$ cat target-v4.cif   # mmCIF, C-alpha atoms
data_structure
#
loop_
_atom_site.label_atom_id
_atom_site.label_comp_id
_atom_site.auth_asym_id
_atom_site.auth_seq_id
_atom_site.Cartn_x
_atom_site.Cartn_y
_atom_site.Cartn_z
CA MET A 122 -78.17 -58.36 31.08
CA SER A 123 -77.34 -56.19 34.08
CA ILE A 124 -75.27 -58.99 35.60
CA ARG A 125 -73.25 -59.24 32.41
CA LYS A 126 -72.60 -55.54 32.48
CA LEU A 127 -71.50 -55.84 36.09
CA TRP A 128 -69.15 -58.66 35.18
CA ILE A 129 -67.70 -56.74 32.23
CA SER A 130 -67.05 -53.64 34.31
CA THR A 131 -65.42 -55.57 37.15
CA PHE A 132 -63.20 -57.47 34.74
CA ALA A 133 -62.27 -54.20 33.08
CA ILE A 134 -61.23 -52.84 36.46
CA LEU A 135 -59.20 -56.01 37.08
CA ARG A 136 -57.48 -55.75 33.72
CA ARG A 137 -56.61 -52.08 34.20
CA LYS A 138 -54.64 -52.76 37.36
CA PRO A 139 -52.29 -55.61 36.49
CA ARG A 140 -49.80 -54.83 39.29
CA SER A 141 -51.15 -56.42 42.42
CA SER A 142 -49.64 -58.55 45.15
CA PRO A 143 -51.10 -62.03 45.53
CA LEU A 144 -52.68 -61.15 48.85
CA PHE A 145 -54.38 -58.16 47.30
CA SER A 146 -55.82 -60.11 44.36
CA ALA A 147 -57.15 -62.79 46.71
CA TYR A 148 -58.97 -60.09 48.63
CA PHE A 149 -60.39 -58.69 45.45
CA ASN A 150 -61.53 -62.10 44.26
CA ARG A 151 -63.37 -62.54 47.52
CA ASN A 152 -64.98 -59.16 46.90
CA LEU A 153 -66.02 -60.21 43.41
CA GLU A 154 -67.59 -63.38 44.64
CA SER A 155 -69.49 -61.59 47.36
CA SER A 156 -70.68 -58.92 44.91
CA ARG A 157 -71.66 -61.63 42.43
CA PHE A 158 -73.68 -63.26 45.15
CA PHE A 159 -75.44 -59.97 45.80
CA SER A 160 -76.07 -59.21 42.14
CA CYS A 161 -77.52 -62.68 41.64
CA SER A 162 -79.81 -62.15 44.55
CA SER A 163 -80.90 -58.79 43.06
CA TYR A 164 -81.78 -60.48 39.78
CA HIS A 165 -83.93 -62.98 41.53
CA ALA A 166 -85.47 -60.54 43.97
CA GLU A 167 -86.79 -58.01 41.41
CA LYS A 168 -87.50 -55.72 44.31
CA SER A 169 -86.02 -52.21 44.18
CA GLY A 170 -85.24 -52.29 47.90
CA ILE A 171 -82.98 -55.30 47.69
CA PHE A 172 -81.37 -53.99 44.51
CA GLU A 173 -80.57 -50.76 46.32
CA SER A 174 -78.89 -52.61 49.13
CA CYS A 175 -76.99 -54.69 46.59
CA ARG A 176 -75.81 -51.57 44.83
CA TYR A 177 -74.77 -50.10 48.14
CA ARG A 178 -72.86 -53.26 48.98
CA PHE A 179 -71.21 -53.21 45.60
CA THR A 180 -70.10 -49.60 46.00
CA MET A 181 -68.94 -50.43 49.51
CA ASN A 182 -66.81 -53.21 48.06
CA LEU A 183 -65.51 -50.86 45.44
CA MET A 184 -64.65 -48.32 48.11
CA LEU A 185 -62.85 -51.00 50.08
CA TYR A 186 -61.08 -51.94 46.89
CA GLU A 187 -60.04 -48.34 46.44
CA LYS A 188 -58.91 -48.10 50.04
CA ASN A 189 -56.83 -51.18 49.56
CA PHE A 190 -55.34 -49.73 46.45
CA CYS A 191 -54.58 -46.47 48.27
CA SER A 192 -52.62 -48.24 50.96
CA ASP A 193 -50.77 -50.01 48.20
CA SER A 194 -49.78 -46.70 46.69
CA VAL A 195 -48.60 -45.31 50.07
CA ASP A 196 -46.21 -48.23 50.25
CA ARG A 197 -45.18 -47.48 46.70
CA ARG A 198 -43.86 -44.07 47.85
CA LEU A 199 -40.75 -45.80 49.10
CA SER A 200 -39.77 -46.70 45.58
CA LYS A 201 -37.71 -49.57 44.39
CA CYS A 202 -34.47 -49.43 42.44
CA TRP A 203 -35.11 -50.22 38.76
CA ASN A 204 -31.81 -52.08 38.58
CA CYS A 205 -31.49 -54.24 41.67
CA GLY A 206 -34.96 -53.99 43.18
CA ALA A 207 -33.75 -52.80 46.57
CA VAL A 208 -36.30 -50.70 48.42
CA ALA A 209 -35.33 -47.11 49.21
CA ASP A 210 -34.95 -46.22 52.86
CA SER A 211 -36.49 -42.75 52.41
CA THR A 212 -38.44 -40.69 49.88
CA LEU A 213 -35.19 -38.99 48.86
CA PHE A 214 -34.08 -41.58 46.34
CA LEU A 215 -31.75 -40.13 43.73
CA ALA A 216 -29.27 -42.98 43.59
CA CYS A 217 -29.55 -46.53 44.90
CA ASP A 218 -27.20 -47.31 47.78
CA SER A 219 -26.91 -51.02 47.01
CA CYS A 220 -26.08 -51.02 43.30
CA ARG A 221 -25.14 -47.32 42.89
CA SER A 222 -27.40 -46.81 39.88
CA VAL A 223 -28.98 -43.42 39.28
CA GLN A 224 -32.77 -43.25 39.66
CA PRO A 225 -35.29 -41.33 37.54
CA VAL A 226 -36.21 -37.82 38.62
CA ASP A 227 -39.06 -37.59 41.13
CA SER A 228 -40.41 -34.06 40.82
CA SER A 229 -42.35 -34.30 44.07
CA VAL A 230 -39.03 -34.06 45.90
CA ASP A 231 -38.33 -30.32 46.22
CA TYR A 232 -34.97 -28.57 46.32
CA PHE A 233 -34.91 -28.26 50.09
CA GLN A 234 -35.38 -32.00 50.49
CA ILE A 235 -32.47 -32.71 48.14
CA PHE A 236 -30.16 -30.85 50.49
CA GLY A 237 -31.83 -32.11 53.63
CA LEU A 238 -32.89 -28.61 54.70
CA GLU A 239 -36.06 -27.27 56.21
CA LYS A 240 -38.18 -25.00 54.07
CA ASN A 241 -36.83 -21.79 55.54
CA TYR A 242 -35.78 -18.50 53.99
CA GLU A 243 -32.56 -18.53 56.03
CA ILE A 244 -29.92 -21.20 55.58
CA HIS A 245 -27.16 -19.77 57.76
CA GLY A 246 -24.22 -22.03 58.27
CA GLU A 247 -25.65 -24.91 56.26
CA ASN A 248 -22.98 -26.54 54.16
CA ILE A 249 -24.86 -26.92 50.92
CA GLU A 250 -21.71 -26.74 48.85
CA GLY A 251 -20.41 -29.89 50.52
CA LYS A 252 -23.70 -31.70 50.01
CA TYR A 253 -23.81 -30.54 46.40
CA LYS A 254 -20.38 -32.03 45.72
CA ASP A 255 -21.37 -35.25 47.46
CA TRP A 256 -24.40 -35.58 45.20
CA GLN A 257 -22.40 -34.90 42.07
CA LYS A 258 -19.97 -37.65 43.07
CA LYS A 259 -22.92 -40.04 42.80
CA LEU A 260 -24.93 -38.53 39.94
CA HIS A 261 -22.56 -36.88 37.48
CA PRO A 262 -23.08 -38.02 33.86
CA ASP A 263 -19.34 -38.70 33.45
CA LEU A 264 -19.68 -41.55 35.94
CA VAL A 265 -22.22 -43.39 33.78
CA HIS A 266 -20.72 -43.02 30.32
CA SER A 267 -20.22 -46.76 30.04
CA LYS A 268 -23.70 -47.70 31.30
CA SER A 269 -27.08 -48.04 29.59
CA GLU A 270 -28.79 -45.23 27.68
CA LYS A 271 -31.57 -45.18 30.26
CA GLU A 272 -29.14 -44.63 33.09
CA LYS A 273 -27.28 -41.93 31.16
CA GLU A 274 -30.58 -40.13 30.72
CA TYR A 275 -31.42 -40.43 34.40
CA ALA A 276 -27.96 -39.18 35.38
CA ALA A 277 -28.22 -36.17 33.06
CA GLU A 278 -31.64 -35.20 34.46
CA GLN A 279 -30.79 -35.82 38.11
CA SER A 280 -27.50 -33.93 38.09
CA ALA A 281 -29.16 -31.04 36.21
CA ARG A 282 -31.85 -30.92 38.90
CA VAL A 283 -29.27 -30.94 41.69
CA ILE A 284 -27.37 -28.11 39.96
CA ASP A 285 -30.61 -26.13 39.67
CA ALA A 286 -31.38 -26.78 43.30
CA TYR A 287 -27.92 -25.65 44.41
CA ARG A 288 -28.08 -22.45 42.35
CA THR A 289 -31.59 -21.60 43.52
CA LEU A 290 -30.88 -22.20 47.18
CA SER A 291 -27.45 -20.57 47.38
CA LYS A 292 -28.71 -17.09 46.45
CA PRO A 293 -31.13 -15.43 48.88
CA LEU A 294 -33.36 -13.80 46.26
CA SER A 295 -33.84 -16.94 44.17
CA ARG A 296 -34.39 -18.93 47.36
CA ALA A 297 -37.11 -16.49 48.39
CA MET A 298 -38.80 -16.71 44.99
CA TYR A 299 -38.63 -20.52 45.10
CA LEU A 300 -40.27 -20.56 48.54
CA LEU A 301 -43.18 -18.56 47.14
CA GLU A 302 -43.41 -20.86 44.15
CA LEU A 303 -43.72 -23.84 46.48
CA GLU A 304 -46.73 -22.06 47.98
CA GLY A 305 -48.16 -21.75 44.49
CA ILE A 306 -47.44 -18.05 43.96
CA HIS A 307 -45.57 -16.83 40.89
CA VAL A 308 -44.11 -13.33 40.90
CA GLU A 309 -45.80 -12.02 37.75
CA GLU A 310 -43.73 -11.00 34.76
CA GLY A 311 -45.91 -8.53 32.94
CA LYS A 312 -47.26 -6.29 35.65
CA THR A 313 -45.95 -2.74 35.71
CA VAL A 314 -45.46 -1.14 39.07
CA SER A 315 -46.11 2.53 39.81
CA ASP A 316 -45.03 2.77 43.42
CA LEU A 317 -43.48 6.22 43.07
CA GLU A 318 -41.57 6.05 46.31
CA LEU A 319 -39.83 2.80 45.38
CA LEU A 320 -39.19 3.82 41.78
CA GLY A 321 -37.92 7.23 42.78
CA GLU A 322 -35.49 5.63 45.18
CA ILE A 323 -34.28 3.17 42.55
CA MET A 324 -33.86 5.96 39.99
CA GLU A 325 -31.72 7.87 42.43
CA ILE A 326 -29.58 4.84 43.16
CA ARG A 327 -29.11 4.01 39.48
CA GLU A 328 -28.27 7.63 38.67
CA ALA A 329 -25.76 7.69 41.51
CA VAL A 330 -24.17 4.53 40.14
CA GLU A 331 -23.94 6.10 36.67
CA GLU A 332 -22.33 9.24 38.00
CA ALA A 333 -19.94 7.57 40.46
CA THR A 334 -16.38 8.26 39.46
CA ASN A 335 -14.30 6.03 41.68
CA SER A 336 -14.58 2.59 43.23
CA GLN A 337 -14.81 4.03 46.73
CA ALA A 338 -18.09 5.78 45.93
CA LEU A 339 -19.37 2.60 44.26
CA ASN A 340 -18.48 0.49 47.28
CA GLN A 341 -20.29 2.93 49.51
CA ILE A 342 -23.44 2.72 47.42
CA GLN A 343 -23.08 -1.05 47.31
CA SER A 344 -22.98 -1.36 51.10
CA GLN A 345 -26.04 0.89 51.35
CA ILE A 346 -27.94 -1.29 48.92
CA GLN A 347 -26.78 -4.41 50.78
CA GLY A 348 -28.17 -3.00 54.02
CA LYS A 349 -31.53 -2.27 52.42
CA PHE A 350 -31.61 -5.70 50.80
CA GLU A 351 -31.03 -7.45 54.10
CA CYS A 352 -33.69 -5.36 55.78
CA TRP A 353 -36.25 -6.34 53.14
CA PHE A 354 -35.12 -9.96 53.27
CA GLU A 355 -36.00 -10.00 56.95
CA SER A 356 -39.41 -8.53 56.24
CA PHE A 357 -39.91 -11.18 53.55
CA GLY A 358 -39.19 -13.89 56.11
CA LYS A 359 -41.71 -12.41 58.53
CA ALA A 360 -44.36 -12.03 55.85
CA LEU A 361 -43.86 -15.64 54.82
CA GLN A 362 -44.15 -16.86 58.41
CA ASN A 363 -47.39 -14.91 58.84
CA ARG A 364 -48.58 -16.17 55.44
CA LYS A 365 -49.00 -12.57 54.21
CA PHE A 366 -48.15 -13.37 50.62
CA GLU A 367 -48.81 -9.97 49.12
CA ASP A 368 -46.26 -8.41 51.44
CA ALA A 369 -43.86 -11.22 50.54
CA VAL A 370 -44.27 -10.44 46.83
CA THR A 371 -43.68 -6.73 47.47
CA SER A 372 -40.49 -7.56 49.37
CA ILE A 373 -39.30 -9.73 46.50
CA GLN A 374 -39.97 -6.94 43.99
CA ARG A 375 -37.89 -4.51 46.04
CA MET A 376 -35.12 -7.05 46.42
CA THR A 377 -35.09 -7.65 42.65
CA TYR A 378 -34.51 -3.94 42.11
CA TYR A 379 -31.69 -3.82 44.63
CA GLU A 380 -30.17 -6.91 43.07
CA ARG A 381 -30.21 -5.29 39.61
CA ALA A 382 -28.58 -2.15 40.98
CA ASN A 383 -25.96 -4.32 42.65
CA GLU A 384 -25.25 -6.08 39.36
CA GLU A 385 -24.68 -2.73 37.69
CA ILE A 386 -22.21 -1.73 40.38
CA VAL A 387 -20.37 -5.03 40.05
CA LYS A 388 -20.15 -4.47 36.30
CA LYS A 389 -18.67 -1.06 36.85
CA LEU A 390 -16.15 -2.11 39.46
CA MET B 221 -33.66 -40.63 -9.96
CA LEU B 222 -30.87 -38.16 -10.57
CA ARG B 223 -33.46 -35.36 -10.44
CA VAL B 224 -34.78 -36.57 -7.09
CA GLY B 225 -31.25 -36.75 -5.77
CA CYS B 226 -30.52 -33.23 -6.98
CA LYS B 227 -33.72 -31.89 -5.49
CA LYS B 228 -32.91 -33.49 -2.16
CA PHE B 229 -29.43 -32.02 -2.26
CA LEU B 230 -30.83 -28.58 -3.06
CA GLY B 231 -33.50 -29.02 -0.44
CA LEU B 232 -30.86 -29.72 2.17
CA GLY B 233 -28.95 -26.70 1.04
CA HIS B 234 -32.09 -24.58 1.29
CA GLN B 235 -32.66 -25.82 4.84
CA LYS B 236 -29.13 -24.85 5.80
CA ASN B 237 -29.71 -21.33 4.54
CA GLN B 238 -32.98 -21.18 6.43
CA SER B 239 -31.34 -22.17 9.71
CA GLN B 240 -28.65 -19.56 9.12
CA ALA B 241 -31.30 -16.93 8.46
CA GLN B 242 -33.10 -17.99 11.62
CA ILE B 243 -29.96 -17.44 13.69
CA LEU B 244 -29.57 -13.94 12.28
CA VAL B 245 -33.16 -12.96 13.10
CA ARG B 246 -32.63 -13.68 16.78
CA LEU B 247 -30.27 -10.73 17.18
CA TYR B 248 -31.53 -7.27 18.09
CA HIS B 249 -33.37 -5.53 15.27
CA GLU B 250 -31.35 -2.73 13.67
CA ARG B 251 -33.84 -0.10 14.90
CA VAL B 252 -33.29 -1.22 18.49
CA VAL B 253 -29.53 -1.05 18.03
CA ASP B 254 -29.92 2.40 16.48
CA HIS B 255 -31.95 3.69 19.41
CA TYR B 256 -29.50 2.18 21.83
CA ASN B 257 -26.42 3.73 20.18
CA ASN B 258 -28.03 7.04 19.25
CA PRO B 259 -30.76 7.58 21.78
CA ARG B 260 -33.04 10.51 21.09
CA ASN B 261 -34.37 12.77 23.81
CA VAL B 262 -32.41 11.51 26.78
CA GLY B 263 -32.58 13.93 29.66
CA SER B 264 -34.69 15.48 32.37
CA PHE B 265 -37.09 18.34 32.74
CA ASP B 266 -37.76 20.25 35.90
CA LYS B 267 -40.29 18.17 37.85
CA THR B 268 -41.79 21.18 39.55
CA ASP B 269 -42.52 22.96 36.27
CA PRO B 270 -46.32 23.16 35.93
CA ASN B 271 -46.16 22.35 32.22
CA VAL B 272 -44.23 19.12 32.80
CA GLY B 273 -45.82 15.73 33.36
CA THR B 274 -43.61 12.93 34.72
CA GLY B 275 -44.38 9.26 34.25
CA LEU B 276 -42.37 6.84 36.40
CA VAL B 277 -42.98 3.14 35.87
CA GLY B 278 -41.17 -0.07 36.64
CA ALA B 279 -41.19 -3.75 35.72
CA PRO B 280 -40.41 -5.62 38.90
CA ALA B 281 -39.69 -8.98 37.31
CA CYS B 282 -36.65 -7.70 35.41
CA GLY B 283 -35.84 -4.69 37.60
CA ASP B 284 -36.35 -2.07 34.86
CA VAL B 285 -37.19 1.57 35.65
CA MET B 286 -38.50 4.03 33.07
CA LYS B 287 -39.05 7.76 33.46
CA LEU B 288 -40.82 9.65 30.66
CA GLN B 289 -41.45 13.40 30.85
CA ILE B 290 -43.61 15.56 28.60
CA LYS B 291 -43.76 19.31 28.24
CA VAL B 292 -47.24 20.48 27.31
CA ASP B 293 -48.31 23.79 25.84
CA GLU B 294 -51.05 25.09 28.11
CA GLU B 295 -53.30 26.72 25.57
CA SER B 296 -53.27 24.18 22.76
CA GLY B 297 -52.85 21.03 24.85
CA LYS B 298 -50.11 19.95 22.47
CA ILE B 299 -46.99 18.12 23.62
CA VAL B 300 -44.10 20.31 22.57
CA ASP B 301 -41.21 18.33 24.01
CA ALA B 302 -40.47 14.97 25.62
CA CYS B 303 -37.52 13.28 27.23
CA PHE B 304 -36.81 9.97 28.94
CA LYS B 305 -34.44 8.16 31.25
CA THR B 306 -34.52 4.38 31.32
CA PHE B 307 -32.47 1.86 33.26
CA GLY B 308 -32.94 -1.54 31.72
CA CYS B 309 -32.37 -3.70 28.71
CA GLY B 310 -31.83 -2.47 25.14
CA SER B 311 -35.44 -3.14 24.22
CA ALA B 312 -36.71 -1.04 27.12
CA ILE B 313 -34.42 1.84 26.21
CA ALA B 314 -35.45 1.66 22.56
CA SER B 315 -39.17 1.47 23.45
CA SER B 316 -39.02 4.60 25.59
CA SER B 317 -36.92 6.40 22.98
CA VAL B 318 -39.52 5.62 20.31
CA ALA B 319 -42.28 6.72 22.69
CA THR B 320 -40.68 10.16 23.18
CA GLU B 321 -40.31 10.55 19.43
CA TRP B 322 -43.93 9.66 18.75
CA VAL B 323 -45.52 11.91 21.38
CA LYS B 324 -43.77 15.05 20.22
CA GLY B 325 -46.08 17.42 18.41
CA LYS B 326 -49.25 15.46 19.19
CA GLN B 327 -52.32 16.28 21.26
CA MET B 328 -52.61 14.65 24.66
CA GLU B 329 -55.76 12.71 23.76
CA GLU B 330 -54.12 11.45 20.57
CA VAL B 331 -51.12 10.20 22.47
CA LEU B 332 -53.25 8.08 24.80
CA SER B 333 -54.12 5.91 21.81
CA ILE B 334 -50.52 4.80 21.27
CA LYS B 335 -50.49 1.05 21.88
CA ASN B 336 -47.61 -1.17 22.96
CA THR B 337 -48.25 -3.40 19.94
CA GLN B 338 -47.40 -0.50 17.63
CA ILE B 339 -44.11 0.11 19.42
CA ALA B 340 -43.32 -3.61 19.42
CA LYS B 341 -44.05 -3.88 15.71
CA HIS B 342 -41.91 -0.86 14.90
CA LEU B 343 -38.96 -2.37 16.74
CA SER B 344 -39.70 -6.00 15.80
CA LEU B 345 -39.53 -7.00 19.45
CA PRO B 346 -39.50 -10.74 20.18
CA PRO B 347 -42.30 -12.10 22.42
CA VAL B 348 -40.05 -12.23 25.48
CA LYS B 349 -39.51 -8.44 25.23
CA LEU B 350 -43.11 -7.38 24.68
CA HIS B 351 -43.39 -6.24 28.29
CA CYS B 352 -40.84 -3.49 27.50
CA SER B 353 -43.22 -1.92 25.00
CA MET B 354 -46.03 -2.29 27.56
CA LEU B 355 -43.85 -0.39 30.00
CA ALA B 356 -43.41 2.43 27.46
CA GLU B 357 -47.18 2.66 26.90
CA ASP B 358 -47.74 2.77 30.67
CA ALA B 359 -45.08 5.48 30.98
CA ILE B 360 -46.87 7.70 28.45
CA LYS B 361 -50.19 7.25 30.26
CA ALA B 362 -48.55 7.93 33.63
CA ALA B 363 -46.99 11.16 32.31
CA ILE B 364 -50.33 12.40 30.99
CA LYS B 365 -52.03 11.47 34.28
CA ASP B 366 -49.39 13.33 36.25
CA TYR B 367 -49.82 16.44 34.08
CA GLU B 368 -53.61 16.39 34.46
CA ALA B 369 -53.27 15.94 38.22
CA LYS B 370 -50.94 18.92 38.35
CA ARG B 371 -53.39 20.99 36.31
CA ALA B 372 -56.24 20.02 38.59
CA LYS B 373 -54.25 20.95 41.67
CA LEU B 374 -53.29 24.29 40.15
CA GLY B 375 -56.92 24.85 39.30
CA GLU B 376 -57.85 24.24 42.95
CA ASN B 377 -55.20 26.66 44.15
CA ALA B 378 -56.36 29.23 41.61
CA ASP B 379 -59.89 28.94 43.05
CA ALA B 380 -58.54 29.22 46.60
CA VAL B 381 -56.52 32.39 45.88
CA PRO B 382 -59.42 34.59 44.68
CA ALA B 383 -61.42 33.35 47.71
CA GLU B 384 -58.58 34.52 49.96
CA LYS B 385 -58.45 37.84 48.16
CA ALA B 386 -62.17 38.25 48.66
CA VAL B 387 -61.76 37.45 52.37
CA ASN B 388 -58.90 39.94 52.70
CA ALA B 389 -60.87 42.57 50.84
#
$ encode --input "target-v4.cif" --output "structure tokens"
Amino acid sequence: MSIRKLWISTFAILRRKPRSSPLFSAYFNRNLESSRFFSCSSYHAEKSGIFESCRYRFTMNLMLYEKNFCSDSVDRRLSKCWNCGAVADSTLFLACDSCRSVQPVDSSVDYFQIFGLEKNYEIHGENIEGKYKDWQKKLHPDLVHSKSEKEKEYAAEQSARVIDAYRTLSKPLSRAMYLLELEGIHVEEGKTVSDLELLGEIMEIREAVEEATNSQALNQIQSQIQGKFECWFESFGKALQNRKFEDAVTSIQRMTYYERANEEIVKKL
Amino acid sequence: MLRVGCKKFLGLGHQKNQSQAQILVRLYHERVVDHYNNPRNVGSFDKTDPNVGTGLVGAPACGDVMKLQIKVDEESGKIVDACFKTFGCGSAIASSSVATEWVKGKQMEEVLSIKNTQIAKHLSLPPVKLHCSMLAEDAIKAAIKDYEAKRAKLGENADAVPAEKAVNA
């Protein structure tokens, strides 16, 4: 009875993983035969010691099986084009180079990878606008209006993701928040802050903006805010490098306030 | 068959009206608009006044700042006047305006029981704006706390002064 159960479970495992290269299945068949040999011997032996060793062998085989499967999945990372079957030359696979068809969205690829940038809070001098336009030349939905529904869907999702990535990375504050998100930290929505020094400062700034009469005064306030923003942006970068996430969150909160004040000034100008 | 057809037709019509009604509900509630256009109690009291408590709170995610001040009658512990200054969205302004209206004429202990859910219900705030009412509740509590802290400090100074007098004498 136990042998039957063993057989059923191993066949169930076989059935569950239909995708397997011929070499892989041959290896597995060899495993099965060897485990079958051991299970048969356990049935005949009726000794707990031998059964234990058989079980150990069986789990060993299973582990080997898993290991084999793992290496299979590592190779799968370099995905294949759904249209022409060409293998991608890197993990960044938004559109196939051979047949030009758009690929489905892979959410493990983050925004920095899409633009070929390092995960850094500064992106001085990097031409992301150029890269953004290059991507849209390959992924825009207008280019696939005569192709299949599946490809239209892929194009819509991919180009939306690239647009999101461009918007997030081009502004320093959103870039900073995205960097924290990649570390698994979300700047919380509902928490109220009672840092009197910060709030007092912001109140003063906002009141000054309200009372400002001419654009010169507004520009002056704006440059002051810009200076403070940059100063806190630097401290954010340092906090992130030193993995001091609480300080990073504080910096982001301050920068959000300065950004809001800046928006108000822009509205007024 | 005709009846079924008619019902379907009417049903469709009913759905259309429903979707129209749904669109209308998503606008600001009239109370919020009222508080935004005719805000009550905007202003400032003197911070250094011993009878004034100042609550200053902020919501960092949206960059809102809210200042709520109360003027308390020393003997009765009743809040005689309140004013606010808020920089933020319409819901935040309306929440703080409502808060200043509700605290006037009440005892300090009574006012601590004002909940953000009551403010949100009064203004029919959508879920995304519930944090504005939370901010208003926190502002009230912060104002009371500030007033009590001031009173305690004054109490300490009052104790210190007779001690000095005794020393001088």
$ closest_atom_pairs --input "target-v4.cif" --of "chain A" --to "chain B" --cutoff "12 Å" --atoms "all atoms listed in the file" --output "JSON lines"
{"residue": "A:Leu294", "atom": "CA", "partner": "B:Ala281", "partner_atom": "CA", "distance": 12.0}
{"residue": "A:Met298", "atom": "CA", "partner": "B:Ala281", "partner_atom": "CA", "distance": 10.9}
{"residue": "A:His307", "atom": "CA", "partner": "B:Ala281", "partner_atom": "CA", "distance": 10.4}
{"residue": "A:Val308", "atom": "CA", "partner": "B:Ala281", "partner_atom": "CA", "distance": 7.2}
{"residue": "A:Glu309", "atom": "CA", "partner": "B:Ala281", "partner_atom": "CA", "distance": 6.8}
{"residue": "A:Glu310", "atom": "CA", "partner": "B:Ala281", "partner_atom": "CA", "distance": 5.2}
{"residue": "A:Gly311", "atom": "CA", "partner": "B:His351", "partner_atom": "CA", "distance": 5.8}
{"residue": "A:Lys312", "atom": "CA", "partner": "B:Ala279", "partner_atom": "CA", "distance": 6.6}
{"residue": "A:Thr313", "atom": "CA", "partner": "B:Ala279", "partner_atom": "CA", "distance": 4.9}
{"residue": "A:Val314", "atom": "CA", "partner": "B:Gly278", "partner_atom": "CA", "distance": 5.0}
{"residue": "A:Ser315", "atom": "CA", "partner": "B:Val277", "partner_atom": "CA", "distance": 5.1}
{"residue": "A:Asp316", "atom": "CA", "partner": "B:Val277", "partner_atom": "CA", "distance": 7.8}
{"residue": "A:Leu317", "atom": "CA", "partner": "B:Leu276", "partner_atom": "CA", "distance": 6.8}
{"residue": "A:Glu318", "atom": "CA", "partner": "B:Leu276", "partner_atom": "CA", "distance": 10.0}
{"residue": "A:Leu319", "atom": "CA", "partner": "B:Gly278", "partner_atom": "CA", "distance": 9.3}
{"residue": "A:Leu320", "atom": "CA", "partner": "B:Gly278", "partner_atom": "CA", "distance": 6.7}
{"residue": "A:Gly321", "atom": "CA", "partner": "B:Leu276", "partner_atom": "CA", "distance": 7.8}
{"residue": "A:Glu322", "atom": "CA", "partner": "B:Val285", "partner_atom": "CA", "distance": 10.5}
{"residue": "A:Ile323", "atom": "CA", "partner": "B:Val285", "partner_atom": "CA", "distance": 7.7}
{"residue": "A:Met324", "atom": "CA", "partner": "B:Val285", "partner_atom": "CA", "distance": 7.0}
{"residue": "A:Glu325", "atom": "CA", "partner": "B:Val285", "partner_atom": "CA", "distance": 10.8}
{"residue": "A:Ile326", "atom": "CA", "partner": "B:Phe307", "partner_atom": "CA", "distance": 10.7}
{"residue": "A:Arg327", "atom": "CA", "partner": "B:Phe307", "partner_atom": "CA", "distance": 7.4}
{"residue": "A:Glu328", "atom": "CA", "partner": "B:Phe307", "partner_atom": "CA", "distance": 9.0}
{"residue": "A:Val330", "atom": "CA", "partner": "B:Phe307", "partner_atom": "CA", "distance": 11.1}
{"residue": "A:Glu331", "atom": "CA", "partner": "B:Phe307", "partner_atom": "CA", "distance": 10.1}
{"residue": "A:Val370", "atom": "CA", "partner": "B:Pro280", "partner_atom": "CA", "distance": 10.1}
{"residue": "A:Thr371", "atom": "CA", "partner": "B:Pro280", "partner_atom": "CA", "distance": 9.2}
{"residue": "A:Ser372", "atom": "CA", "partner": "B:Pro280", "partner_atom": "CA", "distance": 10.6}
{"residue": "A:Ile373", "atom": "CA", "partner": "B:Pro280", "partner_atom": "CA", "distance": 8.7}
{"residue": "A:Gln374", "atom": "CA", "partner": "B:Pro280", "partner_atom": "CA", "distance": 5.3}
{"residue": "A:Arg375", "atom": "CA", "partner": "B:Pro280", "partner_atom": "CA", "distance": 7.7}
{"residue": "A:Met376", "atom": "CA", "partner": "B:Gly283", "partner_atom": "CA", "distance": 9.2}
{"residue": "A:Thr377", "atom": "CA", "partner": "B:Gly283", "partner_atom": "CA", "distance": 5.9}
{"residue": "A:Tyr378", "atom": "CA", "partner": "B:Gly283", "partner_atom": "CA", "distance": 4.8}
{"residue": "A:Tyr379", "atom": "CA", "partner": "B:Gly283", "partner_atom": "CA", "distance": 8.2}
{"residue": "A:Glu380", "atom": "CA", "partner": "B:Gly283", "partner_atom": "CA", "distance": 8.2}
{"residue": "A:Arg381", "atom": "CA", "partner": "B:Gly283", "partner_atom": "CA", "distance": 6.0}
{"residue": "A:Ala382", "atom": "CA", "partner": "B:Gly283", "partner_atom": "CA", "distance": 8.4}
{"residue": "A:Asn383", "atom": "CA", "partner": "B:Gly283", "partner_atom": "CA", "distance": 11.1}
{"residue": "A:Glu384", "atom": "CA", "partner": "B:Gly283", "partner_atom": "CA", "distance": 10.8}
{"residue": "A:Glu385", "atom": "CA", "partner": "B:Phe307", "partner_atom": "CA", "distance": 10.1}
$ resolve_selection --input "target-v4.cif" --expression "the PyMOL selection byres ((chain A and resi 243-255) around 12)" --output "MDAnalysis selection string"
chainID A and resid 216 232:242 256:261 280:294 296:297 300 351 354:355 357:359 361:362
$ axis_aligned_box --input "target-v4.cif" --around "stretch 325-335 of chain B" --padding-each-side "3 Å" --output "AutoDock Vina command-line options"
--center_x -50.9 --center_y 9.2 --center_z 21.6 --size_x 15.7 --size_y 22.4 --size_z 12.4
$ atom_distance --input "target-v4.cif" --atom1 "atom CA of B:Glu295" --atom2 "atom CA of B:Ile334"
22.5 Å
$ resolve_selection --input "target-v4.cif" --expression "the PyMOL selection byres ((chain B and resi 257-261) around 7)" --output "list in words"
Val253, Asp254, His255, Tyr256, Val262, Gly263, Ala302, Cys303, Phe304, Ser317 and Thr320 of chain B
$ atom_distance --input "target-v4.cif" --atom1 "atom CA of A:Leu303" --atom2 "atom CA of A:Gly348"
27.1 Å
$ residues_around --input "target-v4.cif" --residues "A:Val230" --least-positions-apart "4" --cutoff "10 Å" --atoms "all atoms listed in the file" --output "MDAnalysis selection string"
chainID A and resid 212:215 226 234:235
